[in-house]
Amino acid sequence: ASVHLIGGSRGAGKTAFECWMAAHILRGEPFLGHKTRCPPWWGCLIIDRSSEDRRFWQQQAGLDGVIPYYCMTEDSAMTPERLQKLSYYEAWAFLVDKIKSLKPQRGGVLTIDVASFFIPDFRLGYQAAFARGWSLSRLAKDLGIVILAVVHGGKQSSGDRYIRLTDRIIASTGFLGAISTVCYLTTQEESGGKGYQEFQWDSHYWPPERFRLKRTENGLYEVSGDRDAAAAKPV
């Protein structure tokens, strides 16, 4: 039971990537060189878009109709006005209620696309930000599930240089300190327009790895070249 972030800027293809990954795991196939185990359940919260976009990528990955979901923008009980009035605590209660309505099974996986709505902004101190990340991690532990949280990355300029791709994720250090694995998917432009995208994951327990990925004809991904276990290079 743990929480993992998948970050990326607009247009990177985070949803397509997550569906590509889910297809491998649900078939019990290796993913990026690592063994996987098919979970007993996989659900999804769709927060900031219609279900149509996500269902398209699930269809491309062969998962259409396989993953139960809740979509906030298609919920007749939720309106933009009500959403703006939610306090953090009300939003948290809303999140927990919608997760439980999907009836998650212990040992299962839940995707939140996107989870940025539940991440505190940078004006909060370390303690408050950590508490919110800790709340998400405790929820995963209490329910006995893995949470994959899709989050936004910052807009990049030509002068930006980061040692780790994951430093681009829009979330405070306090929040990230409560998360198990942090991942980031670049756009082609972020990777120098060389015809590939880069994906990096940083775990608390294993060395970081970076992969070059190419989009396939159906818009999903395939690995281009070998993974880079060093991964700590300026980009």
# chains A, B, ... in the order shown; residues from 1 in each chain; ligands from 1
>>> residues_around(residues="Gly7 in chain A", least_positions_apart="3", cutoff="7 Å", atoms="only C-alpha atoms", output="list in words")
Val150, Val151, His152, Gly153, Ile169, Cys183, Tyr184 and Leu185 of chain A
>>> write_last_selection(atoms="N, CA, C and O atoms", output="compact mmCIF listing (two decimals), in the first residue's frame")
# COMPACT_ATOMS: atom_id res chain seq x y z
N VAL A 150 -1.66 11.03 -10.93
CA VAL A 150 -1.16 11.79 -12.07
C VAL A 150 -1.18 13.26 -11.70
O VAL A 150 -2.21 13.78 -11.24
N VAL A 151 -0.05 13.96 -11.87
CA VAL A 151 0.06 15.35 -11.45
C VAL A 151 0.71 16.18 -12.55
O VAL A 151 1.35 15.66 -13.46
N HIS A 152 0.57 17.49 -12.43
CA HIS A 152 1.10 18.40 -13.44
C HIS A 152 2.56 18.75 -13.15
O HIS A 152 3.01 18.75 -12.00
N GLY A 153 3.27 19.06 -14.23
CA GLY A 153 4.63 19.58 -14.12
C GLY A 153 4.67 21.03 -14.54
O GLY A 153 3.76 21.51 -15.22
N ILE A 169 7.96 18.48 -11.12
CA ILE A 169 6.60 18.25 -10.63
C ILE A 169 6.16 19.42 -9.74
O ILE A 169 6.91 19.88 -8.88
N CYS A 183 7.69 10.01 -10.42
CA CYS A 183 8.02 9.78 -11.83
C CYS A 183 7.74 11.04 -12.64
O CYS A 183 6.89 11.85 -12.26
N TYR A 184 8.42 11.17 -13.77
CA TYR A 184 8.17 12.32 -14.64
C TYR A 184 8.32 11.90 -16.10
O TYR A 184 9.26 11.19 -16.46
N LEU A 185 7.37 12.36 -16.94
CA LEU A 185 7.39 12.11 -18.37
C LEU A 185 7.55 13.45 -19.09
O LEU A 185 6.73 14.35 -18.93
>>> residues_around(residues="Asn218 in chain A", least_positions_apart="3", cutoff="12 Å", atoms="only C-alpha atoms", output="MDAnalysis selection string")
chainID A and resid 16:17 20 56:62 214:215 221:222
>>> closest_residue(among="A:Asp142, A:Glu18, A:Asp167, A:Glu189", to="Leu220 in chain A", atoms="only C-alpha atoms")
A:Glu18
>>> residues_around(residues="Leu83 in chain A", least_positions_apart="3", cutoff="12 Å", atoms="only C-alpha atoms", output="list in words")
Ile47, Asp48, Met72, Thr73, Asp75, Ala77, Met78, Thr79, Pro80, Leu86, Ser87, Tyr88, Glu90, Ala91, Phe94 and Phe117 of chain A
>>> atom_distance(atom1="CA of Glu198 in chain A", atom2="CA of Thr166 in chain A")
11.0 Å
>>> select_by_dssp(residues="range 63-121 of chain A", states="helix (DSSP H, G or I)", output="list in words")
Met72, Thr73, Glu74, Pro80, Glu81, Arg82, Leu83, Gln84, Lys85, Tyr88, Tyr89, Glu90, Ala91, Trp92, Ala93, Phe94, Leu95, Val96, Asp97, Lys98, Ile99, Lys100, Ser101, Ser116, Phe117 and Phe118 of chain A
>>> write_last_selection(atoms="N, CA, C and O atoms", output="compact mmCIF listing (two decimals), in the first residue's frame")
# COMPACT_ATOMS: atom_id res chain seq x y z
N MET A 72 -15.65 13.44 -12.13
CA MET A 72 -16.24 14.57 -11.42
C MET A 72 -17.00 15.50 -12.35
O MET A 72 -18.07 16.00 -12.01
N THR A 73 -16.48 15.74 -13.57
CA THR A 73 -17.13 16.68 -14.47
C THR A 73 -18.43 16.14 -15.05
O THR A 73 -19.20 16.88 -15.66
N GLU A 74 -18.69 14.84 -14.85
CA GLU A 74 -19.93 14.24 -15.33
C GLU A 74 -20.88 13.90 -14.18
O GLU A 74 -21.90 13.24 -14.39
N PRO A 80 -19.34 23.67 -10.92
CA PRO A 80 -18.16 24.53 -10.73
C PRO A 80 -18.27 25.41 -9.48
O PRO A 80 -17.28 25.63 -8.77
N GLU A 81 -19.48 25.87 -9.20
CA GLU A 81 -19.69 26.72 -8.03
C GLU A 81 -19.45 25.95 -6.74
O GLU A 81 -18.78 26.44 -5.82
N ARG A 82 -19.96 24.74 -6.68
CA ARG A 82 -19.75 23.92 -5.47
C ARG A 82 -18.28 23.57 -5.31
O ARG A 82 -17.75 23.58 -4.20
N LEU A 83 -17.64 23.27 -6.42
CA LEU A 83 -16.23 22.92 -6.36
C LEU A 83 -15.39 24.06 -5.79
O LEU A 83 -14.51 23.83 -4.95
N GLN A 84 -15.68 25.28 -6.20
CA GLN A 84 -14.91 26.43 -5.73
C GLN A 84 -15.11 26.69 -4.25
O GLN A 84 -14.25 27.29 -3.60
N LYS A 85 -16.23 26.24 -3.70
CA LYS A 85 -16.53 26.50 -2.29
C LYS A 85 -15.97 25.43 -1.35
O LYS A 85 -16.01 25.59 -0.13
N TYR A 88 -10.31 22.50 1.93
CA TYR A 88 -9.43 21.34 1.75
C TYR A 88 -10.04 20.12 2.43
O TYR A 88 -10.03 19.02 1.89
N TYR A 89 -10.58 20.30 3.64
CA TYR A 89 -11.12 19.18 4.40
C TYR A 89 -12.36 18.61 3.72
O TYR A 89 -12.58 17.39 3.71
N GLU A 90 -13.18 19.47 3.14
CA GLU A 90 -14.34 19.00 2.39
C GLU A 90 -13.91 18.27 1.12
O GLU A 90 -14.49 17.25 0.74
N ALA A 91 -12.86 18.79 0.47
CA ALA A 91 -12.35 18.13 -0.73
C ALA A 91 -11.78 16.76 -0.39
O ALA A 91 -11.94 15.80 -1.15
N TRP A 92 -11.13 16.67 0.76
CA TRP A 92 -10.57 15.38 1.20
C TRP A 92 -11.70 14.38 1.46
O TRP A 92 -11.62 13.22 1.05
N ALA A 93 -12.75 14.82 2.14
CA ALA A 93 -13.89 13.94 2.40
C ALA A 93 -14.53 13.51 1.09
O ALA A 93 -14.96 12.35 0.93
N PHE A 94 -14.61 14.43 0.14
CA PHE A 94 -15.14 14.12 -1.19
C PHE A 94 -14.30 13.04 -1.86
O PHE A 94 -14.83 12.07 -2.41
N LEU A 95 -12.97 13.19 -1.81
CA LEU A 95 -12.06 12.22 -2.40
C LEU A 95 -12.27 10.83 -1.80
O LEU A 95 -12.43 9.85 -2.52
N VAL A 96 -12.30 10.76 -0.48
CA VAL A 96 -12.44 9.47 0.20
C VAL A 96 -13.78 8.83 -0.14
O VAL A 96 -13.86 7.62 -0.41
N ASP A 97 -14.84 9.62 -0.17
CA ASP A 97 -16.17 9.10 -0.47
C ASP A 97 -16.22 8.50 -1.88
O ASP A 97 -16.78 7.41 -2.09
N LYS A 98 -15.62 9.20 -2.85
CA LYS A 98 -15.66 8.71 -4.23
C LYS A 98 -14.78 7.48 -4.41
O LYS A 98 -15.11 6.59 -5.21
N ILE A 99 -13.67 7.41 -3.70
CA ILE A 99 -12.83 6.21 -3.77
C ILE A 99 -13.61 5.01 -3.22
O ILE A 99 -13.65 3.94 -3.84
N LYS A 100 -14.24 5.19 -2.07
CA LYS A 100 -14.97 4.07 -1.46
C LYS A 100 -16.17 3.65 -2.29
O LYS A 100 -16.56 2.48 -2.28
N SER A 101 -16.75 4.60 -3.04
CA SER A 101 -17.90 4.26 -3.88
C SER A 101 -17.51 3.31 -5.02
O SER A 101 -18.37 2.61 -5.57
N SER A 116 -3.63 16.75 -8.77
CA SER A 116 -3.14 18.09 -8.42
C SER A 116 -4.16 18.86 -7.59
O SER A 116 -3.80 19.73 -6.79
N PHE A 117 -5.44 18.57 -7.78
CA PHE A 117 -6.50 19.22 -7.02
C PHE A 117 -6.34 18.99 -5.51
O PHE A 117 -6.76 19.81 -4.70
N PHE A 118 -5.71 17.89 -5.13
CA PHE A 118 -5.57 17.54 -3.72
C PHE A 118 -4.18 17.83 -3.17
O PHE A 118 -3.87 17.47 -2.05
>>> residues_around(residues="Ile147 in chain A", least_positions_apart="6", cutoff="12 Å", atoms="only C-alpha atoms", output="number ranges by chain")
A: 1-6, 41-45, 99, 104, 106-115, 133, 136-141, 179-181
>>> atom_distance(atom1="CA of Trp206 in chain A", atom2="CA of Phe31 in chain A")
15.8 Å
